[in-house]
Amino acid sequence: MRWSHGSVADLLTGRNNSMGLLRPCLSIAVLVAHARILGFDRAEFGHSFTHGQTDLGKWAVYGFFILSGILVTRSGARLPLGRFLWHRALRLLPGLWVCLFLTAFLAAPLVYWRVHGTLDGFLGHSHGPLEYLRSNWRVALHQLDVSDAMADAVQAGLAHDGGINGALWSLYSEVFCYLGIAVLAVTGVLTRARRVVLVGALVLGWLVIRQAGSGRFWAGPQDSSYPQYFFIPLFGSLNPGWIIYLGFAFALGAVIEMYKERIAVSDALGIMSLLVLLAGARYGYLFVVGLPAFAYLLVWLAVRLPAPFRRIGARHDYSYGIYIYGFVCQQVLLVYGFARWGLIPYLAACLALTTVLAVLSWHCVERPAMRLKDVWKPGPTPTQTKPADQPGPTTPPGSWARQQHPPSDSSLATDPDTVSARQSQV
């Protein structure tokens, strides 16, 4: 069509896109949103504009899930099950475990010392650092504080939130989405029955619509009429509302990947998706109409942003580190009085410290961990497979480009799979 630049299959391939820019932008958006509520006990940016439907930080998380749905589905379609799970574990867990360790044995003692002037009682506390690691190493966040350090800081008037690293709350939903892709991959859905992915997205969308259609014009996951929690072995008590809403965002990305040859990249549709997103945010039904619009907007931006933006994040991706370290850095700096200078200086200090830790996490933990992907190679050698119900030639559109620039893989960050250290991407 005249108004189309081509399909997503042709244009969103390899590293020739701006996803490396979008991911850190989303991470920074989470940090910016938290600065207002953590530092000054005010509503996060965007809360009033959306009439409480969401805020800037949570909406950025939805963006992460959309991008992850695209890239992780791509990985699941081309890798054997064992190798897929191995790569996902390497991408998510080492960085998280180091973050938990530093939170328990560096950040929490700093807060505890600031409040009490001593570390007496810190290690022997019933909810001390070892218990924090034991409770949270399986991704689900079950212990929010360490030795009541932040709770005591709140009582002392030094902080407003009793969690020391609350940003980790979304990771268990991410793992659920990975497991869903693993099931679709091992059953052959991703390569032979992609309509099942579309049906799954429609079911999740119906659950979201059902929530909004129950008379709750501004309904979101926080207003879910579904059971507040249910118990799953290993994970513990989980919130089904958040799993449904974030799962819907992930499923939208998966559908885009499965039907990429049928989705046109159009400037007109990109601008329209932005307008629909803003209208949903302001006037209601954001998750019904705004979330699908947001999914298309992210894809459009990844393809249509000017070429220089594509170099950002092409070799080093700090977005995951920014995400997992931002909250704890903000809490520590708040307890030590950095917010007294105002929002902008406090935010700048938080961003600087978080960026340092994110860079160290990438170079010292995340990238070295991903190099281990070739140490163990469960399953046969991966091959590129075309879904059976996907029309087109034997060689899929853009396949030559994917051979020259293999596609990337994401878990709130990029995951190199075929060549280490971001030289090539899965």
# chains A, B, ... in the order shown; residues from 1 in each chain; ligands from 1

call {"tool": "closest_atom_pairs", "arguments": {"of": "stretch 63-132 of chain A", "to": "stretch 136-151 of chain A", "cutoff": "7 Å", "atoms": "only C-alpha atoms", "output": "JSON lines"}}
result
{"residue": "A:Trp97", "atom": "CA", "partner": "A:Trp137", "partner_atom": "CA", "distance": 6.4}
{"residue": "A:Ala104", "atom": "CA", "partner": "A:Val146", "partner_atom": "CA", "distance": 6.4}
{"residue": "A:Ala108", "atom": "CA", "partner": "A:Val146", "partner_atom": "CA", "distance": 6.1}
{"residue": "A:Val111", "atom": "CA", "partner": "A:Ala149", "partner_atom": "CA", "distance": 6.0}
{"residue": "A:Tyr112", "atom": "CA", "partner": "A:Ala149", "partner_atom": "CA", "distance": 4.9}
{"residue": "A:Phe122", "atom": "CA", "partner": "A:Ser147", "partner_atom": "CA", "distance": 5.8}
{"residue": "A:His125", "atom": "CA", "partner": "A:Ser147", "partner_atom": "CA", "distance": 5.4}
{"residue": "A:His127", "atom": "CA", "partner": "A:Ser147", "partner_atom": "CA", "distance": 5.1}
{"residue": "A:Gly128", "atom": "CA", "partner": "A:Ser147", "partner_atom": "CA", "distance": 4.4}
{"residue": "A:Pro129", "atom": "CA", "partner": "A:Val146", "partner_atom": "CA", "distance": 5.7}
{"residue": "A:Tyr132", "atom": "CA", "partner": "A:Gln143", "partner_atom": "CA", "distance": 5.9}

call {"tool": "write_last_selection", "arguments": {"atoms": "all heavy atoms", "output": "compact mmCIF listing (two decimals), in the first residue's frame"}}
result
# COMPACT_ATOMS: atom_id res chain seq x y z
N TRP A 97 19.78 -12.11 41.22
CA TRP A 97 20.36 -12.65 42.44
C TRP A 97 21.44 -11.72 43.01
O TRP A 97 21.53 -11.52 44.21
CB TRP A 97 20.94 -14.04 42.17
CG TRP A 97 19.88 -15.08 41.99
CD1 TRP A 97 18.57 -14.99 42.36
CD2 TRP A 97 20.03 -16.36 41.37
NE1 TRP A 97 17.90 -16.14 42.02
CE2 TRP A 97 18.77 -16.99 41.41
CE3 TRP A 97 21.10 -17.03 40.78
CZ2 TRP A 97 18.56 -18.27 40.90
CZ3 TRP A 97 20.89 -18.29 40.27
CH2 TRP A 97 19.64 -18.91 40.32
N ALA A 104 20.40 -6.86 50.24
CA ALA A 104 20.36 -7.42 51.59
C ALA A 104 21.59 -7.06 52.41
O ALA A 104 21.47 -6.79 53.61
CB ALA A 104 20.20 -8.94 51.51
N ALA A 108 20.51 -2.42 52.59
CA ALA A 108 19.77 -2.52 53.85
C ALA A 108 20.62 -2.15 55.07
O ALA A 108 20.14 -1.41 55.95
CB ALA A 108 19.18 -3.92 54.01
N VAL A 111 20.79 1.62 55.29
CA VAL A 111 19.55 2.20 55.81
C VAL A 111 19.44 1.94 57.31
O VAL A 111 19.10 2.85 58.09
CB VAL A 111 18.34 1.62 55.06
CG1 VAL A 111 17.03 2.09 55.70
CG2 VAL A 111 18.38 2.01 53.59
N TYR A 112 19.73 0.73 57.73
CA TYR A 112 19.62 0.35 59.14
C TYR A 112 20.56 1.21 59.99
O TYR A 112 20.19 1.68 61.08
CB TYR A 112 19.95 -1.14 59.29
CG TYR A 112 19.54 -1.76 60.61
CD1 TYR A 112 18.30 -2.34 60.77
CD2 TYR A 112 20.42 -1.75 61.70
CE1 TYR A 112 17.93 -2.92 61.98
CE2 TYR A 112 20.07 -2.31 62.91
CZ TYR A 112 18.82 -2.91 63.04
OH TYR A 112 18.46 -3.48 64.24
N PHE A 122 20.79 -6.39 63.31
CA PHE A 122 20.49 -6.47 61.88
C PHE A 122 20.54 -7.92 61.38
O PHE A 122 19.59 -8.41 60.76
CB PHE A 122 21.47 -5.60 61.08
CG PHE A 122 21.28 -5.68 59.60
CD1 PHE A 122 20.24 -4.98 58.99
CD2 PHE A 122 22.12 -6.44 58.81
CE1 PHE A 122 20.05 -5.05 57.62
CE2 PHE A 122 21.94 -6.51 57.44
CZ PHE A 122 20.90 -5.82 56.84
N HIS A 125 17.90 -10.54 63.00
CA HIS A 125 16.47 -10.26 62.85
C HIS A 125 15.76 -11.43 62.18
O HIS A 125 16.32 -12.10 61.32
CB HIS A 125 16.29 -8.98 62.03
CG HIS A 125 14.94 -8.37 62.14
ND1 HIS A 125 13.84 -8.86 61.46
CD2 HIS A 125 14.49 -7.30 62.86
CE1 HIS A 125 12.79 -8.12 61.74
NE2 HIS A 125 13.15 -7.17 62.59
N HIS A 127 13.49 -11.39 60.04
CA HIS A 127 13.36 -11.11 58.61
C HIS A 127 14.63 -10.40 58.12
O HIS A 127 14.57 -9.37 57.45
CB HIS A 127 12.13 -10.25 58.34
CG HIS A 127 10.84 -10.95 58.61
ND1 HIS A 127 10.22 -10.89 59.83
CD2 HIS A 127 10.06 -11.76 57.84
CE1 HIS A 127 9.10 -11.61 59.80
NE2 HIS A 127 8.99 -12.15 58.60
N GLY A 128 15.75 -11.00 58.46
CA GLY A 128 17.04 -10.43 58.12
C GLY A 128 17.46 -10.70 56.70
O GLY A 128 16.67 -11.18 55.87
N PRO A 129 18.71 -10.42 56.38
CA PRO A 129 19.18 -10.52 54.99
C PRO A 129 19.13 -11.94 54.43
O PRO A 129 18.79 -12.12 53.26
CB PRO A 129 20.62 -10.00 55.06
CG PRO A 129 21.00 -10.09 56.50
CD PRO A 129 19.75 -9.89 57.28
N TYR A 132 15.63 -12.68 53.59
CA TYR A 132 15.27 -11.91 52.39
C TYR A 132 15.69 -12.65 51.12
O TYR A 132 14.92 -12.76 50.16
CB TYR A 132 15.93 -10.53 52.46
CG TYR A 132 15.64 -9.63 51.29
CD1 TYR A 132 14.45 -8.92 51.21
CD2 TYR A 132 16.57 -9.46 50.26
CE1 TYR A 132 14.18 -8.07 50.14
CE2 TYR A 132 16.32 -8.62 49.20
CZ TYR A 132 15.12 -7.93 49.14
OH TYR A 132 14.87 -7.11 48.07

call {"tool": "atom_distance", "arguments": {"atom1": "atom CA of A:Ser173", "atom2": "atom CA of A:Trp59"}}
result
14.8 Å

call {"tool": "residues_around", "arguments": {"residues": "A:Ile271", "least_positions_apart": "4", "cutoff": "12 Å", "atoms": "only C-alpha atoms", "output": "JSON list (two decimals) with N, CA and C atoms, in the first residue's frame"}}
result
[["chain", "number", "residue", "atom", "x", "y", "z"],
["A", 265, "VAL", "N", 3.67, -1.26, 8.60],
["A", 265, "VAL", "CA", 4.28, -0.15, 9.33],
["A", 265, "VAL", "C", 3.89, 1.13, 8.61],
["A", 266, "SER", "N", 3.00, 1.89, 9.23],
["A", 266, "SER", "CA", 2.42, 3.07, 8.59],
["A", 266, "SER", "C", 2.53, 4.26, 9.52],
["A", 267, "ASP", "N", 2.99, 5.39, 9.00],
["A", 267, "ASP", "CA", 3.05, 6.61, 9.79],
["A", 267, "ASP", "C", 1.66, 7.06, 10.22],
["A", 275, "LEU", "N", -2.79, 8.86, 19.31],
["A", 275, "LEU", "CA", -4.01, 9.58, 19.66],
["A", 275, "LEU", "C", -4.98, 8.68, 20.43],
["A", 276, "VAL", "N", -5.10, 7.42, 19.99],
["A", 276, "VAL", "CA", -5.98, 6.48, 20.69],
["A", 276, "VAL", "C", -5.46, 6.23, 22.11],
["A", 277, "LEU", "N", -4.14, 6.10, 22.25],
["A", 277, "LEU", "CA", -3.54, 5.89, 23.57],
["A", 277, "LEU", "C", -3.85, 7.06, 24.50],
["A", 278, "LEU", "N", -3.65, 8.27, 24.02],
["A", 278, "LEU", "CA", -3.92, 9.45, 24.85],
["A", 278, "LEU", "C", -5.40, 9.57, 25.19],
["A", 293, "ALA", "N", -3.16, -0.06, 21.20],
["A", 293, "ALA", "CA", -2.57, 1.08, 20.48],
["A", 293, "ALA", "C", -1.12, 1.29, 20.89],
["A", 294, "PHE", "N", -0.83, 1.13, 22.17],
["A", 294, "PHE", "CA", 0.53, 1.28, 22.67],
["A", 294, "PHE", "C", 1.45, 0.23, 22.05],
["A", 296, "TYR", "N", 1.22, -1.15, 19.08],
["A", 296, "TYR", "CA", 1.56, -0.74, 17.71],
["A", 296, "TYR", "C", 2.49, 0.47, 17.73],
["A", 297, "LEU", "N", 2.25, 1.41, 18.65],
["A", 297, "LEU", "CA", 3.09, 2.60, 18.73],
["A", 297, "LEU", "C", 4.54, 2.25, 18.99],
["A", 298, "LEU", "N", 4.80, 1.30, 19.89],
["A", 298, "LEU", "CA", 6.17, 0.90, 20.19],
["A", 298, "LEU", "C", 6.85, 0.28, 18.97],
["A", 300, "TRP", "N", 6.04, 0.83, 15.85],
["A", 300, "TRP", "CA", 6.23, 1.92, 14.88],
["A", 300, "TRP", "C", 7.45, 2.76, 15.24],
["A", 301, "LEU", "N", 7.60, 3.10, 16.52],
["A", 301, "LEU", "CA", 8.76, 3.87, 16.94],
["A", 301, "LEU", "C", 10.06, 3.09, 16.73],
["A", 304, "ARG", "N", 10.57, 3.43, 12.91],
["A", 304, "ARG", "CA", 10.55, 4.71, 12.22],
["A", 304, "ARG", "C", 11.40, 5.80, 12.86]]

call {"tool": "residues_around", "arguments": {"residues": "A:Arg42", "least_positions_apart": "5", "cutoff": "12 Å", "atoms": "only C-alpha atoms", "output": "list in words"}}
result
Ala33, His34, Ala35, Arg36, Ile37, His47, Ser48, His160, Asp161 and Leu343 of chain A

call {"tool": "select_by_dssp", "arguments": {"residues": "stretch 227-311 of chain A", "states": "strand (DSSP E)", "output": "VMD selection string"}}
result
chain A and resid 230 to 232 236 to 238 264 to 266

call {"tool": "atom_distance", "arguments": {"atom1": "atom CA of A:Val365", "atom2": "atom CA of A:Leu92"}}
result
10.7 Å

call {"tool": "closest_residue", "arguments": {"among": "A:Ala339, A:Val30, A:Leu360, A:Ala295", "to": "A:Gly326", "atoms": "only C-alpha atoms"}}
result
A:Val30

call {"tool": "closest_residue", "arguments": {"among": "A:Ala279, A:Ala153, A:Val183, A:Val332", "to": "A:Gly82", "atoms": "only C-alpha atoms"}}
result
A:Val183

call {"tool": "residues_around", "arguments": {"residues": "A:Lys58", "least_positions_apart": "2", "cutoff": "12 Å", "atoms": "only C-alpha atoms", "output": "VMD selection string"}}
result
chain A and resid 26 to 34 44 to 47 50 52 to 56 60 to 65 167 169 to 170 220 to 222 242 245 to 246 249 323

call {"tool": "atom_distance", "arguments": {"atom1": "atom CA of A:Phe105", "atom2": "atom CA of A:Gly121"}}
result
13.7 Å

call {"tool": "residues_around", "arguments": {"residues": "A:Gly253", "least_positions_apart": "2", "cutoff": "6 Å", "atoms": "only C-alpha atoms", "output": "compact mmCIF listing (two decimals) with N, CA, C and O atoms, in the first residue's frame"}}
result
# COMPACT_ATOMS: atom_id res chain seq x y z
N ILE A 66 5.23 -5.75 26.35
CA ILE A 66 4.93 -5.80 24.92
C ILE A 66 6.19 -6.14 24.12
O ILE A 66 6.18 -7.05 23.27
N GLY A 69 7.20 -9.64 24.71
CA GLY A 69 6.35 -10.57 23.98
C GLY A 69 6.82 -10.79 22.56
O GLY A 69 6.80 -11.91 22.04
N ILE A 70 7.27 -9.72 21.91
CA ILE A 70 7.77 -9.84 20.54
C ILE A 70 9.05 -10.67 20.51
O ILE A 70 9.16 -11.66 19.75
N PHE A 250 1.89 -8.78 27.10
CA PHE A 250 2.85 -9.72 26.52
C PHE A 250 2.25 -10.44 25.31
O PHE A 250 2.91 -10.61 24.28
N ALA A 251 0.97 -10.84 25.43
CA ALA A 251 0.31 -11.54 24.33
C ALA A 251 0.16 -10.66 23.10
O ALA A 251 0.25 -11.14 21.96
N VAL A 255 1.48 -11.73 19.45
CA VAL A 255 0.67 -11.71 18.23
C VAL A 255 1.36 -10.91 17.13
O VAL A 255 1.35 -11.30 15.95
N ILE A 256 1.96 -9.79 17.50
CA ILE A 256 2.70 -9.00 16.51
C ILE A 256 3.80 -9.83 15.88
O ILE A 256 4.01 -9.79 14.67

call {"tool": "select_by_dssp", "arguments": {"residues": "stretch 197-348 of chain A", "states": "helix (DSSP H, G or I)", "output": "ChimeraX atom specification"}}
result
/A:197-212,221-223,240-258,260-262,267-283,286-304,307-311,319-335,338-341,343-348

call {"tool": "residues_around", "arguments": {"residues": "A:Leu11", "least_positions_apart": "3", "cutoff": "10 Å", "atoms": "only C-alpha atoms", "output": "ChimeraX atom specification"}}
result
/A:5-8,14,16-17,260-261,264-265,299-300,302-304,397-398,401

call {"tool": "write_last_selection", "arguments": {"atoms": "N, CA, C and O atoms", "output": "CSV table (one decimal), in the first residue's frame"}}
result
chain,number,residue,atom,x,y,z
A,5,HIS,N,5.2,1.6,4.8
A,5,HIS,CA,6.6,1.4,4.5
A,5,HIS,C,7.1,0.0,4.3
A,5,HIS,O,8.2,-0.3,4.0
A,6,GLY,N,6.2,-0.9,4.5
A,6,GLY,CA,6.5,-2.4,4.5
A,6,GLY,C,5.9,-3.0,5.7
A,6,GLY,O,5.2,-2.4,6.5
A,7,SER,N,6.1,-4.3,5.9
A,7,SER,CA,5.6,-5.1,7.0
A,7,SER,C,6.5,-5.1,8.1
A,7,SER,O,7.7,-4.8,8.0
A,8,VAL,N,6.0,-5.5,9.3
A,8,VAL,CA,6.9,-5.6,10.5
A,8,VAL,C,7.9,-6.7,10.2
A,8,VAL,O,9.1,-6.6,10.6
A,14,GLY,N,16.6,-8.2,13.1
A,14,GLY,CA,17.9,-8.0,13.6
A,14,GLY,C,18.1,-6.8,14.6
A,14,GLY,O,17.2,-6.6,15.5
A,16,ASN,N,18.6,-3.7,13.4
A,16,ASN,CA,18.3,-2.5,12.6
A,16,ASN,C,17.0,-1.8,13.1
A,16,ASN,O,16.0,-1.7,12.3
A,17,ASN,N,16.9,-1.5,14.3
A,17,ASN,CA,15.7,-0.9,14.9
A,17,ASN,C,16.1,-0.1,16.2
A,17,ASN,O,17.3,-0.1,16.6
A,260,LYS,N,3.6,-10.9,11.9
A,260,LYS,CA,4.4,-9.8,11.5
A,260,LYS,C,4.4,-9.5,10.0
A,260,LYS,O,4.5,-8.3,9.6
A,261,GLU,N,4.2,-10.5,9.2
A,261,GLU,CA,4.1,-10.3,7.8
A,261,GLU,C,2.8,-9.7,7.3
A,261,GLU,O,2.7,-9.2,6.2
A,264,ALA,N,1.3,-3.9,8.8
A,264,ALA,CA,2.0,-2.8,8.0
A,264,ALA,C,2.5,-1.8,9.0
A,264,ALA,O,2.0,-1.5,10.0
A,265,VAL,N,3.7,-1.3,8.6
A,265,VAL,CA,4.3,-0.2,9.3
A,265,VAL,C,3.9,1.1,8.6
A,265,VAL,O,4.4,1.4,7.5
A,299,VAL,N,6.1,-0.6,18.3
A,299,VAL,CA,6.7,-1.2,17.0
A,299,VAL,C,7.0,-0.1,16.0
A,299,VAL,O,8.0,-0.1,15.4
A,300,TRP,N,6.0,0.8,15.9
A,300,TRP,CA,6.2,1.9,14.9
A,300,TRP,C,7.4,2.8,15.2
A,300,TRP,O,8.3,3.1,14.4
A,302,ALA,N,10.0,1.8,17.0
A,302,ALA,CA,11.2,1.0,16.8
A,302,ALA,C,11.7,1.0,15.4
A,302,ALA,O,12.9,0.9,15.1
A,303,VAL,N,10.8,1.1,14.5
A,303,VAL,CA,11.1,1.0,13.0
A,303,VAL,C,11.4,2.4,12.5
A,303,VAL,O,12.3,2.6,11.7
A,304,ARG,N,10.6,3.4,12.9
A,304,ARG,CA,10.5,4.7,12.2
A,304,ARG,C,11.4,5.8,12.9
A,304,ARG,O,11.6,6.9,12.3
A,397,PRO,N,10.0,-13.5,4.6
A,397,PRO,CA,10.4,-12.1,4.4
A,397,PRO,C,11.5,-11.7,5.4
A,397,PRO,O,11.3,-11.9,6.6
A,398,GLY,N,12.5,-11.1,4.9
A,398,GLY,CA,13.5,-10.6,5.8
A,398,GLY,C,14.5,-11.6,6.3
A,398,GLY,O,15.3,-11.4,7.2
A,401,ALA,N,18.1,-10.8,6.0
A,401,ALA,CA,18.5,-9.8,6.9
A,401,ALA,C,18.7,-10.4,8.3
A,401,ALA,O,19.6,-10.0,9.1
